[in-house]
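Structure record follows, encoded as structure tokens.
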Amino acid sequence: MEDEQIIAEDLAAQVRSMGHEVIGISISGEEAVEVADETRPELVLMDIHLEGQMTGIESARIVQERTGATVIFVTAYPGTLLRDIPEFEKSGICVNKPYSRVQLEAALNKATAVRQSSPAS
């Protein structure tokens with residue numbers, strides 16, 4: 001979920017090159033929720049600032065509640081996560097923009113490990 005199409009396409013290409021399937025790209029929080037409801041993702045990469053009325057944080061909460069997906073925030077504003085999600089520091093996964101392939105891969109590996117160790121998986 002990324003409102004800048006070029007960044008979204010680059011991110012999707014990098015995720016695919018790391019062996020993950022990309023099942024959709026959304027530019028608004030509302031669209032992100034719709035896509036997640038339809039596709040039931042295991043993992044979501046989410047920007048904080050999206051088009052539309054819903055923020056990435058709001059849509060991430062809804063997507064997590066409805067699908068159980070693990071969310072990786074990809075943002076230039078990591079301080080917003082700490083301010084708006086008090087529990088984020090303990091359990092959240094974040095990649096700061098601009099990000100490197102190494103940072104992205106580390107976040108994907110951490111998210112995969114979290115999913116594999118969770119009781120629901």
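Quick note on naming: the chains in the structure tokens go A, B, ... in the order shown, residues restart at 1 in each chain, and ligands are numbered from 1 in order of appearance.
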For region 51-68 of chain A, please output as a VMD selection string all residues within 10 Å (counting only C-alpha atoms; exclusion window: fewer than 3 positions along the same chain). chain A and resid 1 to 4 26 to 48 71 to 75 80 to 81 84 to 85 115 120 to 121
Filtering to N, CA and C atoms, could you give me those residues as a compact mmCIF listing (two decimals), in the first residue's frame?
# COMPACT_ATOMS: atom_id res chain seq x y z
N MET A 1 0.85 -1.14 0.00
CA MET A 1 0.00 0.00 0.00
C MET A 1 0.91 1.22 0.00
N GLU A 2 0.94 1.88 -1.12
CA GLU A 2 1.86 3.01 -1.33
C GLU A 2 1.20 3.96 -2.30
N ASP A 3 1.14 5.25 -1.94
CA ASP A 3 0.44 6.21 -2.79
C ASP A 3 1.28 6.73 -3.95
N GLU A 4 2.57 6.48 -3.96
CA GLU A 4 3.41 6.90 -5.07
C GLU A 4 3.67 5.68 -5.98
N SER A 26 -2.08 -0.94 -3.73
CA SER A 26 -3.15 0.01 -3.45
C SER A 26 -2.56 1.37 -3.18
N ILE A 27 -3.31 2.42 -3.54
CA ILE A 27 -2.82 3.77 -3.29
C ILE A 27 -3.58 4.50 -2.19
N SER A 28 -4.71 3.95 -1.78
CA SER A 28 -5.47 4.59 -0.70
C SER A 28 -5.73 3.57 0.40
N GLY A 29 -6.00 4.08 1.59
CA GLY A 29 -6.31 3.21 2.71
C GLY A 29 -7.57 2.40 2.47
N GLU A 30 -8.57 3.04 1.88
CA GLU A 30 -9.83 2.36 1.60
C GLU A 30 -9.62 1.22 0.60
N GLU A 31 -8.83 1.50 -0.44
CA GLU A 31 -8.53 0.46 -1.43
C GLU A 31 -7.70 -0.66 -0.80
N ALA A 32 -6.79 -0.31 0.09
CA ALA A 32 -5.97 -1.32 0.77
C ALA A 32 -6.84 -2.31 1.54
N VAL A 33 -7.85 -1.80 2.23
CA VAL A 33 -8.75 -2.66 2.99
C VAL A 33 -9.54 -3.56 2.03
N GLU A 34 -10.04 -3.00 0.94
CA GLU A 34 -10.77 -3.78 -0.06
C GLU A 34 -9.91 -4.91 -0.63
N VAL A 35 -8.70 -4.56 -1.05
CA VAL A 35 -7.79 -5.56 -1.63
C VAL A 35 -7.47 -6.65 -0.61
N ALA A 36 -7.22 -6.26 0.62
CA ALA A 36 -6.91 -7.24 1.67
C ALA A 36 -8.10 -8.15 1.93
N ASP A 37 -9.32 -7.59 1.94
CA ASP A 37 -10.51 -8.41 2.14
C ASP A 37 -10.65 -9.46 1.03
N GLU A 38 -10.31 -9.07 -0.19
CA GLU A 38 -10.43 -9.98 -1.34
C GLU A 38 -9.30 -11.00 -1.41
N THR A 39 -8.08 -10.59 -1.07
CA THR A 39 -6.92 -11.45 -1.31
C THR A 39 -6.39 -12.16 -0.07
N ARG A 40 -6.76 -11.69 1.12
CA ARG A 40 -6.32 -12.30 2.39
C ARG A 40 -4.81 -12.46 2.47
N PRO A 41 -4.05 -11.37 2.43
CA PRO A 41 -2.59 -11.46 2.45
C PRO A 41 -2.05 -11.93 3.79
N GLU A 42 -0.87 -12.51 3.76
CA GLU A 42 -0.18 -12.88 4.99
C GLU A 42 0.70 -11.73 5.48
N LEU A 43 1.13 -10.91 4.55
CA LEU A 43 2.08 -9.84 4.82
C LEU A 43 1.68 -8.61 4.01
N VAL A 44 1.75 -7.44 4.65
CA VAL A 44 1.39 -6.19 3.98
C VAL A 44 2.50 -5.17 4.22
N LEU A 45 2.94 -4.53 3.15
CA LEU A 45 3.86 -3.39 3.26
C LEU A 45 2.99 -2.14 3.14
N MET A 46 3.06 -1.27 4.15
CA MET A 46 2.12 -0.16 4.25
C MET A 46 2.84 1.15 4.50
N ASP A 47 2.54 2.14 3.66
CA ASP A 47 3.01 3.50 3.91
C ASP A 47 2.06 4.14 4.91
N ILE A 48 2.51 5.12 5.65
CA ILE A 48 1.65 5.81 6.62
C ILE A 48 0.74 6.80 5.90
N VAL A 71 2.09 -6.60 9.28
CA VAL A 71 2.28 -5.34 8.57
C VAL A 71 3.71 -4.85 8.78
N ILE A 72 4.34 -4.49 7.66
CA ILE A 72 5.62 -3.79 7.67
C ILE A 72 5.32 -2.37 7.21
N PHE A 73 5.61 -1.39 8.04
CA PHE A 73 5.44 -0.01 7.62
C PHE A 73 6.68 0.43 6.87
N VAL A 74 6.46 1.03 5.70
CA VAL A 74 7.53 1.58 4.88
C VAL A 74 7.25 3.09 4.84
N THR A 75 8.06 3.87 5.55
CA THR A 75 7.70 5.27 5.74
C THR A 75 8.91 6.17 5.90
N THR A 80 6.08 8.98 13.63
CA THR A 80 4.62 8.94 13.66
C THR A 80 4.14 7.61 14.23
N LEU A 81 4.83 6.53 13.89
CA LEU A 81 4.44 5.21 14.40
C LEU A 81 4.56 5.17 15.92
N ASP A 84 1.70 7.40 17.36
CA ASP A 84 0.31 6.96 17.15
C ASP A 84 0.04 5.52 17.54
N ILE A 85 1.09 4.71 17.67
CA ILE A 85 0.92 3.31 18.05
C ILE A 85 1.88 3.03 19.20
N ARG A 115 5.48 -14.53 11.64
CA ARG A 115 4.32 -15.32 11.19
C ARG A 115 4.50 -16.80 11.52
N ALA A 120 -1.20 -18.87 15.43
CA ALA A 120 -2.22 -18.99 14.39
C ALA A 120 -1.69 -19.58 13.10
N SER A 121 -0.34 -19.65 12.93
CA SER A 121 0.18 -20.14 11.66
C SER A 121 0.30 -21.64 11.62
Report the residues of region 18-121 of chain A whose backbone DSSP state falls under alpha helix (DSSP H), written as a compact mmCIF listing (two decimals) with all heavy atoms, in the first residue's frame.
# COMPACT_ATOMS: atom_id res chain seq x y z
N GLY A 29 -6.00 4.08 1.59
CA GLY A 29 -6.31 3.21 2.71
C GLY A 29 -7.57 2.40 2.47
O GLY A 29 -7.64 1.22 2.79
N GLU A 30 -8.57 3.04 1.88
CA GLU A 30 -9.83 2.36 1.60
C GLU A 30 -9.62 1.22 0.60
O GLU A 30 -10.14 0.12 0.79
CB GLU A 30 -10.85 3.37 1.04
CG GLU A 30 -11.27 4.44 2.04
CD GLU A 30 -10.28 5.62 2.16
OE1 GLU A 30 -9.26 5.66 1.44
OE2 GLU A 30 -10.53 6.49 3.00
N GLU A 31 -8.83 1.50 -0.44
CA GLU A 31 -8.53 0.46 -1.43
C GLU A 31 -7.70 -0.66 -0.80
O GLU A 31 -7.91 -1.84 -1.11
CB GLU A 31 -7.77 1.08 -2.61
CG GLU A 31 -7.49 0.11 -3.73
CD GLU A 31 -6.68 0.72 -4.85
OE1 GLU A 31 -6.02 1.76 -4.64
OE2 GLU A 31 -6.70 0.14 -5.95
N ALA A 32 -6.79 -0.31 0.09
CA ALA A 32 -5.97 -1.32 0.77
C ALA A 32 -6.84 -2.31 1.54
O ALA A 32 -6.62 -3.52 1.49
CB ALA A 32 -4.98 -0.64 1.72
N VAL A 33 -7.85 -1.80 2.23
CA VAL A 33 -8.75 -2.66 2.99
C VAL A 33 -9.54 -3.56 2.03
O VAL A 33 -9.67 -4.77 2.27
CB VAL A 33 -9.70 -1.82 3.88
CG1 VAL A 33 -10.78 -2.69 4.50
CG2 VAL A 33 -8.89 -1.11 4.96
N GLU A 34 -10.04 -3.00 0.94
CA GLU A 34 -10.77 -3.78 -0.06
C GLU A 34 -9.91 -4.91 -0.63
O GLU A 34 -10.35 -6.05 -0.71
CB GLU A 34 -11.23 -2.89 -1.22
CG GLU A 34 -12.52 -2.18 -1.00
CD GLU A 34 -12.92 -1.39 -2.25
OE1 GLU A 34 -12.77 -1.90 -3.38
OE2 GLU A 34 -13.37 -0.25 -2.06
N VAL A 35 -8.70 -4.56 -1.05
CA VAL A 35 -7.79 -5.56 -1.63
C VAL A 35 -7.47 -6.65 -0.61
O VAL A 35 -7.47 -7.84 -0.93
CB VAL A 35 -6.50 -4.89 -2.16
CG1 VAL A 35 -5.44 -5.93 -2.53
CG2 VAL A 35 -6.82 -4.01 -3.37
N ALA A 36 -7.22 -6.26 0.62
CA ALA A 36 -6.91 -7.24 1.67
C ALA A 36 -8.10 -8.15 1.93
O ALA A 36 -7.93 -9.36 2.12
CB ALA A 36 -6.48 -6.53 2.94
N ASP A 37 -9.32 -7.59 1.94
CA ASP A 37 -10.51 -8.41 2.14
C ASP A 37 -10.65 -9.46 1.03
O ASP A 37 -11.02 -10.59 1.29
CB ASP A 37 -11.77 -7.54 2.19
CG ASP A 37 -11.96 -6.82 3.51
OD1 ASP A 37 -11.31 -7.20 4.51
OD2 ASP A 37 -12.77 -5.87 3.54
N GLU A 38 -10.31 -9.07 -0.19
CA GLU A 38 -10.43 -9.98 -1.34
C GLU A 38 -9.30 -11.00 -1.41
O GLU A 38 -9.53 -12.15 -1.79
CB GLU A 38 -10.45 -9.17 -2.64
CG GLU A 38 -11.67 -8.30 -2.80
CD GLU A 38 -11.56 -7.34 -3.98
OE1 GLU A 38 -10.61 -7.45 -4.78
OE2 GLU A 38 -12.43 -6.46 -4.09
N THR A 39 -8.08 -10.59 -1.07
CA THR A 39 -6.92 -11.45 -1.31
C THR A 39 -6.39 -12.16 -0.07
O THR A 39 -5.59 -13.10 -0.21
CB THR A 39 -5.77 -10.63 -1.93
OG1 THR A 39 -5.39 -9.58 -1.02
CG2 THR A 39 -6.18 -10.04 -3.28
N GLY A 56 -2.51 5.17 6.56
CA GLY A 56 -1.93 3.83 6.52
C GLY A 56 -2.04 3.13 7.86
O GLY A 56 -2.23 1.92 7.93
N ILE A 57 -1.92 3.89 8.94
CA ILE A 57 -2.04 3.30 10.28
C ILE A 57 -3.45 2.78 10.51
O ILE A 57 -3.64 1.66 10.99
CB ILE A 57 -1.63 4.32 11.37
CG1 ILE A 57 -0.13 4.61 11.26
CG2 ILE A 57 -1.99 3.81 12.76
CD1 ILE A 57 0.36 5.74 12.14
N GLU A 58 -4.45 3.58 10.12
CA GLU A 58 -5.85 3.14 10.26
C GLU A 58 -6.13 1.92 9.41
O GLU A 58 -6.74 0.95 9.88
CB GLU A 58 -6.81 4.27 9.88
CG GLU A 58 -6.77 5.45 10.82
CD GLU A 58 -7.46 6.68 10.24
OE1 GLU A 58 -7.46 6.87 9.00
OE2 GLU A 58 -8.01 7.45 11.05
N SER A 59 -5.70 1.96 8.16
CA SER A 59 -5.99 0.82 7.28
C SER A 59 -5.21 -0.42 7.72
O SER A 59 -5.72 -1.54 7.63
CB SER A 59 -5.72 1.15 5.81
OG SER A 59 -4.39 1.49 5.59
N ALA A 60 -4.00 -0.24 8.25
CA ALA A 60 -3.22 -1.38 8.74
C ALA A 60 -3.96 -2.07 9.89
O ALA A 60 -4.00 -3.31 9.94
CB ALA A 60 -1.84 -0.94 9.19
N ARG A 61 -4.53 -1.29 10.79
CA ARG A 61 -5.28 -1.88 11.91
C ARG A 61 -6.46 -2.71 11.40
O ARG A 61 -6.70 -3.82 11.88
CB ARG A 61 -5.78 -0.79 12.85
CG ARG A 61 -4.70 -0.25 13.76
CD ARG A 61 -5.28 0.68 14.82
NE ARG A 61 -4.24 1.09 15.73
CZ ARG A 61 -3.98 2.34 16.08
NH1 ARG A 61 -4.70 3.32 15.59
NH2 ARG A 61 -3.01 2.61 16.93
N ILE A 62 -7.18 -2.16 10.44
CA ILE A 62 -8.34 -2.88 9.90
C ILE A 62 -7.90 -4.15 9.18
O ILE A 62 -8.48 -5.22 9.38
CB ILE A 62 -9.16 -1.96 8.96
CG1 ILE A 62 -9.79 -0.83 9.77
CG2 ILE A 62 -10.22 -2.76 8.21
CD1 ILE A 62 -10.39 0.28 8.93
N VAL A 63 -6.85 -4.03 8.36
CA VAL A 63 -6.36 -5.20 7.63
C VAL A 63 -5.89 -6.27 8.60
O VAL A 63 -6.20 -7.46 8.43
CB VAL A 63 -5.23 -4.79 6.64
CG1 VAL A 63 -4.52 -6.01 6.09
CG2 VAL A 63 -5.81 -3.95 5.51
N GLN A 64 -5.16 -5.88 9.63
CA GLN A 64 -4.70 -6.86 10.63
C GLN A 64 -5.87 -7.54 11.33
O GLN A 64 -5.86 -8.76 11.52
CB GLN A 64 -3.79 -6.19 11.67
CG GLN A 64 -2.38 -6.00 11.19
CD GLN A 64 -1.49 -5.42 12.28
OE1 GLN A 64 -1.86 -4.47 12.97
NE2 GLN A 64 -0.32 -6.00 12.43
N GLU A 65 -6.86 -6.76 11.72
CA GLU A 65 -8.02 -7.33 12.41
C GLU A 65 -8.77 -8.32 11.52
O GLU A 65 -9.20 -9.37 11.97
CB GLU A 65 -8.98 -6.22 12.84
CG GLU A 65 -8.49 -5.40 14.01
CD GLU A 65 -9.38 -4.19 14.29
OE1 GLU A 65 -10.46 -4.06 13.67
OE2 GLU A 65 -8.98 -3.36 15.14
N ARG A 66 -8.94 -7.97 10.25
CA ARG A 66 -9.75 -8.79 9.35
C ARG A 66 -9.00 -9.98 8.77
O ARG A 66 -9.62 -11.00 8.47
CB ARG A 66 -10.29 -7.94 8.20
CG ARG A 66 -11.29 -6.91 8.65
CD ARG A 66 -11.84 -6.17 7.46
NE ARG A 66 -12.78 -5.13 7.86
CZ ARG A 66 -13.38 -4.32 7.01
NH1 ARG A 66 -13.15 -4.43 5.71
NH2 ARG A 66 -14.22 -3.42 7.45
N THR A 67 -7.69 -9.86 8.59
CA THR A 67 -6.95 -10.92 7.89
C THR A 67 -5.86 -11.58 8.73
O THR A 67 -5.38 -12.64 8.36
CB THR A 67 -6.28 -10.38 6.61
OG1 THR A 67 -5.21 -9.49 6.97
CG2 THR A 67 -7.28 -9.67 5.70
N PRO A 78 8.99 7.58 10.60
CA PRO A 78 8.90 6.54 11.62
C PRO A 78 8.47 7.06 12.99
O PRO A 78 7.87 6.34 13.77
CB PRO A 78 10.31 5.95 11.67
CG PRO A 78 11.19 7.02 11.11
CD PRO A 78 10.36 7.76 10.11
N GLY A 79 8.73 8.33 13.29
CA GLY A 79 8.31 8.90 14.56
C GLY A 79 6.80 8.89 14.73
O GLY A 79 6.29 8.80 15.85
N THR A 80 6.08 8.98 13.63
CA THR A 80 4.62 8.94 13.66
C THR A 80 4.14 7.61 14.23
O THR A 80 3.16 7.55 14.98
CB THR A 80 4.04 9.15 12.25
OG1 THR A 80 4.50 10.41 11.76
CG2 THR A 80 2.53 9.12 12.24
N LEU A 81 4.83 6.53 13.89
CA LEU A 81 4.44 5.21 14.40
C LEU A 81 4.56 5.17 15.92
O LEU A 81 3.67 4.66 16.60
CB LEU A 81 5.32 4.12 13.78
CG LEU A 81 5.14 3.92 12.29
CD1 LEU A 81 6.21 2.97 11.76
CD2 LEU A 81 3.75 3.38 11.98
N LEU A 82 5.65 5.68 16.43
CA LEU A 82 5.86 5.68 17.88
C LEU A 82 4.84 6.55 18.60
O LEU A 82 4.39 6.24 19.69
CB LEU A 82 7.28 6.11 18.22
CG LEU A 82 8.38 5.20 17.69
CD1 LEU A 82 9.75 5.83 17.94
CD2 LEU A 82 8.31 3.83 18.31
N ARG A 83 4.46 7.65 17.97
CA ARG A 83 3.48 8.57 18.57
C ARG A 83 2.07 7.99 18.51
O ARG A 83 1.32 8.04 19.49
CB ARG A 83 3.51 9.91 17.84
CG ARG A 83 2.57 10.95 18.45
CD ARG A 83 2.40 12.16 17.58
NE ARG A 83 1.61 11.79 16.42
CZ ARG A 83 1.82 12.25 15.18
NH1 ARG A 83 2.79 13.10 14.95
NH2 ARG A 83 1.07 11.87 14.19
N ASP A 84 1.70 7.40 17.36
CA ASP A 84 0.31 6.96 17.15
C ASP A 84 0.04 5.52 17.54
O ASP A 84 -1.12 5.12 17.69
CB ASP A 84 -0.09 7.17 15.69
CG ASP A 84 -0.14 8.65 15.32
OD1 ASP A 84 -0.04 9.50 16.22
OD2 ASP A 84 -0.27 8.95 14.12
N PHE A 88 4.01 -0.03 19.20
CA PHE A 88 4.81 -0.30 18.01
C PHE A 88 6.27 -0.59 18.33
O PHE A 88 6.87 -1.47 17.73
CB PHE A 88 4.74 0.86 17.01
CG PHE A 88 5.48 0.57 15.75
CD1 PHE A 88 4.89 -0.21 14.77
CD2 PHE A 88 6.77 1.01 15.55
CE1 PHE A 88 5.58 -0.53 13.61
CE2 PHE A 88 7.47 0.69 14.40
CZ PHE A 88 6.86 -0.08 13.43
N GLU A 89 6.84 0.13 19.28
CA GLU A 89 8.26 -0.04 19.59
C GLU A 89 8.60 -1.48 19.99
O GLU A 89 9.66 -1.99 19.67
CB GLU A 89 8.68 0.93 20.70
CG GLU A 89 10.17 1.01 20.87
CD GLU A 89 10.58 2.17 21.77
OE1 GLU A 89 9.72 2.78 22.43
OE2 GLU A 89 11.78 2.46 21.79
N LYS A 90 7.67 -2.16 20.64
CA LYS A 90 7.92 -3.53 21.08
C LYS A 90 7.77 -4.55 19.96
O LYS A 90 8.53 -5.49 19.88
CB LYS A 90 6.95 -3.91 22.21
CG LYS A 90 7.17 -3.14 23.48
CD LYS A 90 6.16 -3.58 24.52
CE LYS A 90 6.16 -2.62 25.68
NZ LYS A 90 5.01 -2.77 26.53
N SER A 91 6.75 -4.39 19.13
CA SER A 91 6.42 -5.46 18.19
C SER A 91 6.37 -5.05 16.72
O SER A 91 6.15 -5.89 15.87
CB SER A 91 5.07 -6.06 18.57
OG SER A 91 4.07 -5.06 18.50
N ARG A 101 17.83 -2.41 -0.24
CA ARG A 101 17.40 -3.80 -0.42
C ARG A 101 17.69 -4.60 0.85
O ARG A 101 16.88 -5.43 1.27
CB ARG A 101 18.09 -4.43 -1.63
CG ARG A 101 17.68 -5.87 -1.84
CD ARG A 101 18.42 -6.50 -3.03
NE ARG A 101 18.19 -7.91 -3.06
CZ ARG A 101 17.19 -8.50 -3.70
NH1 ARG A 101 16.32 -7.77 -4.37
NH2 ARG A 101 17.05 -9.82 -3.68
N VAL A 102 18.81 -4.35 1.48
CA VAL A 102 19.19 -5.06 2.70
C VAL A 102 18.16 -4.79 3.81
O VAL A 102 17.74 -5.72 4.50
CB VAL A 102 20.62 -4.66 3.15
CG1 VAL A 102 20.94 -5.21 4.52
CG2 VAL A 102 21.64 -5.12 2.13
N GLN A 103 17.76 -3.54 3.98
CA GLN A 103 16.76 -3.20 5.00
C GLN A 103 15.43 -3.87 4.71
O GLN A 103 14.77 -4.40 5.61
CB GLN A 103 16.56 -1.69 5.07
CG GLN A 103 17.74 -0.93 5.62
CD GLN A 103 17.57 0.57 5.42
OE1 GLN A 103 17.21 1.02 4.33
NE2 GLN A 103 17.84 1.33 6.47
N LEU A 104 15.02 -3.84 3.45
CA LEU A 104 13.76 -4.44 3.04
C LEU A 104 13.79 -5.95 3.28
O LEU A 104 12.86 -6.53 3.83
CB LEU A 104 13.46 -4.11 1.58
CG LEU A 104 12.15 -4.63 1.03
CD1 LEU A 104 10.96 -4.09 1.82
CD2 LEU A 104 12.03 -4.24 -0.44
N GLU A 105 14.87 -6.58 2.88
CA GLU A 105 14.99 -8.02 3.06
C GLU A 105 14.99 -8.41 4.54
O GLU A 105 14.35 -9.39 4.94
CB GLU A 105 16.26 -8.53 2.37
CG GLU A 105 16.31 -10.03 2.24
CD GLU A 105 17.36 -10.49 1.25
OE1 GLU A 105 18.33 -9.74 0.99
OE2 GLU A 105 17.20 -11.60 0.73
N ALA A 106 15.66 -7.62 5.37
CA ALA A 106 15.68 -7.89 6.81
C ALA A 106 14.26 -7.79 7.40
O ALA A 106 13.86 -8.61 8.22
CB ALA A 106 16.63 -6.93 7.52
N ALA A 107 13.51 -6.78 6.97
CA ALA A 107 12.14 -6.61 7.46
C ALA A 107 11.26 -7.77 7.01
O ALA A 107 10.45 -8.29 7.78
CB ALA A 107 11.58 -5.28 6.97
N LEU A 108 11.40 -8.19 5.75
CA LEU A 108 10.62 -9.33 5.26
C LEU A 108 10.97 -10.61 6.01
O LEU A 108 10.08 -11.39 6.36
CB LEU A 108 10.84 -9.52 3.76
CG LEU A 108 10.21 -8.45 2.87
CD1 LEU A 108 10.74 -8.56 1.44
CD2 LEU A 108 8.69 -8.57 2.88
N ASN A 109 12.24 -10.81 6.28
CA ASN A 109 12.67 -11.99 7.03
C ASN A 109 12.11 -11.96 8.45
O ASN A 109 11.66 -12.99 8.97
CB ASN A 109 14.19 -12.11 7.06
CG ASN A 109 14.77 -12.49 5.71
OD1 ASN A 109 14.08 -13.02 4.84
ND2 ASN A 109 16.03 -12.18 5.51
N LYS A 110 12.14 -10.79 9.08
CA LYS A 110 11.59 -10.67 10.44
C LYS A 110 10.09 -10.95 10.44
O LYS A 110 9.59 -11.68 11.29
CB LYS A 110 11.87 -9.27 11.00
CG LYS A 110 11.35 -9.08 12.41
CD LYS A 110 11.71 -7.71 12.97
CE LYS A 110 11.14 -7.54 14.37
NZ LYS A 110 11.45 -6.23 14.94
N ALA A 111 9.39 -10.39 9.46
CA ALA A 111 7.94 -10.60 9.38
C ALA A 111 7.61 -12.06 9.13
O ALA A 111 6.67 -12.61 9.72
CB ALA A 111 7.35 -9.73 8.27
N THR A 112 8.38 -12.71 8.29
CA THR A 112 8.18 -14.14 8.02
C THR A 112 8.41 -14.96 9.28
O THR A 112 7.63 -15.86 9.60
CB THR A 112 9.10 -14.61 6.88
OG1 THR A 112 8.81 -13.84 5.70
CG2 THR A 112 8.91 -16.08 6.58
N ALA A 113 9.45 -14.63 10.02
CA ALA A 113 9.75 -15.34 11.27
C ALA A 113 8.64 -15.13 12.29
O ALA A 113 8.23 -16.07 12.99
CB ALA A 113 11.09 -14.87 11.84
N VAL A 114 8.11 -13.91 12.38
CA VAL A 114 7.01 -13.62 13.30
C VAL A 114 5.80 -14.45 12.94
O VAL A 114 5.15 -15.06 13.80
CB VAL A 114 6.68 -12.11 13.29
CG1 VAL A 114 5.34 -11.83 13.96
CG2 VAL A 114 7.77 -11.31 13.94
N ARG A 115 5.48 -14.53 11.64
CA ARG A 115 4.32 -15.32 11.19
C ARG A 115 4.50 -16.80 11.52
O ARG A 115 3.58 -17.47 11.95
CB ARG A 115 4.09 -15.13 9.71
CG ARG A 115 3.50 -13.77 9.40
CD ARG A 115 2.74 -13.75 8.12
NE ARG A 115 1.62 -14.65 8.06
CZ ARG A 115 0.43 -14.45 8.63
NH1 ARG A 115 0.21 -13.39 9.35
NH2 ARG A 115 -0.54 -15.31 8.48
N GLN A 116 5.71 -17.30 11.30
CA GLN A 116 5.97 -18.73 11.52
C GLN A 116 5.94 -19.09 12.99
O GLN A 116 5.62 -20.22 13.35
CB GLN A 116 7.30 -19.14 10.89
CG GLN A 116 7.24 -19.12 9.38
CD GLN A 116 8.60 -19.36 8.74
OE1 GLN A 116 9.64 -19.30 9.37
NE2 GLN A 116 8.58 -19.62 7.44
N SER A 117 6.27 -18.14 13.85
CA SER A 117 6.29 -18.43 15.29
C SER A 117 4.97 -18.14 15.97
O SER A 117 4.81 -18.48 17.14
CB SER A 117 7.42 -17.64 15.96
OG SER A 117 7.12 -16.25 15.94
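Computed from the coordinates, the CA of Thr70 (chain A) to CA of Ile93 (chain A) distance equals 8.9 Å.
Shortest atom-to-atom contact with Leu11 (chain A) among A:Pro98, A:Pro119, A:His49, A:Ala76: A:Pro98, counting only C-alpha atoms.
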From a backbone DSSP assignment, name each residue in region 45-99 of chain A labelled strand (DSSP E), as a PyMOL selection string. chain A and resi 45-46+70-75+93-96
Could you save the residues just selected, with N, CA and C atoms, as a PDB file, in the first residue's frame?
ATOM      1  N   LEU A  45       2.941  -4.526   3.150  1.00  0.00           N
ATOM      2  CA  LEU A  45       3.855  -3.389   3.262  1.00  0.00           C
ATOM      3  C   LEU A  45       2.992  -2.144   3.139  1.00  0.00           C
ATOM      4  N   MET A  46       3.064  -1.272   4.148  1.00  0.00           N
ATOM      5  CA  MET A  46       2.121  -0.162   4.246  1.00  0.00           C
ATOM      6  C   MET A  46       2.839   1.153   4.498  1.00  0.00           C
ATOM      7  N   THR A  70       0.589  -9.720   8.837  1.00  0.00           N
ATOM      8  CA  THR A  70       1.683  -9.000   9.474  1.00  0.00           C
ATOM      9  C   THR A  70       1.945  -7.754   8.639  1.00  0.00           C
ATOM     10  N   VAL A  71       2.086  -6.603   9.283  1.00  0.00           N
ATOM     11  CA  VAL A  71       2.278  -5.343   8.571  1.00  0.00           C
ATOM     12  C   VAL A  71       3.707  -4.851   8.776  1.00  0.00           C
ATOM     13  N   ILE A  72       4.336  -4.491   7.655  1.00  0.00           N
ATOM     14  CA  ILE A  72       5.618  -3.788   7.674  1.00  0.00           C
ATOM     15  C   ILE A  72       5.323  -2.370   7.206  1.00  0.00           C
ATOM     16  N   PHE A  73       5.614  -1.395   8.045  1.00  0.00           N
ATOM     17  CA  PHE A  73       5.437  -0.012   7.624  1.00  0.00           C
ATOM     18  C   PHE A  73       6.675   0.427   6.865  1.00  0.00           C
ATOM     19  N   VAL A  74       6.458   1.027   5.703  1.00  0.00           N
ATOM     20  CA  VAL A  74       7.528   1.585   4.876  1.00  0.00           C
ATOM     21  C   VAL A  74       7.246   3.086   4.841  1.00  0.00           C
ATOM     22  N   THR A  75       8.064   3.866   5.551  1.00  0.00           N
ATOM     23  CA  THR A  75       7.703   5.269   5.745  1.00  0.00           C
ATOM     24  C   THR A  75       8.914   6.171   5.905  1.00  0.00           C
ATOM     25  N   ILE A  93       7.332  -3.597  12.868  1.00  0.00           N
ATOM     26  CA  ILE A  93       8.391  -3.726  11.880  1.00  0.00           C
ATOM     27  C   ILE A  93       8.284  -2.510  10.960  1.00  0.00           C
ATOM     28  N   CYS A  94       9.410  -1.827  10.768  1.00  0.00           N
ATOM     29  CA  CYS A  94       9.411  -0.603   9.975  1.00  0.00           C
ATOM     30  C   CYS A  94      10.658  -0.542   9.095  1.00  0.00           C
ATOM     31  N   VAL A  95      10.462  -0.074   7.873  1.00  0.00           N
ATOM     32  CA  VAL A  95      11.560   0.207   6.956  1.00  0.00           C
ATOM     33  C   VAL A  95      11.488   1.695   6.657  1.00  0.00           C
ATOM     34  N   ASN A  96      12.572   2.410   6.924  1.00  0.00           N
ATOM     35  CA  ASN A  96      12.595   3.851   6.697  1.00  0.00           C
ATOM     36  C   ASN A  96      12.907   4.158   5.235  1.00  0.00           C
TER      37      ASN A  96
END
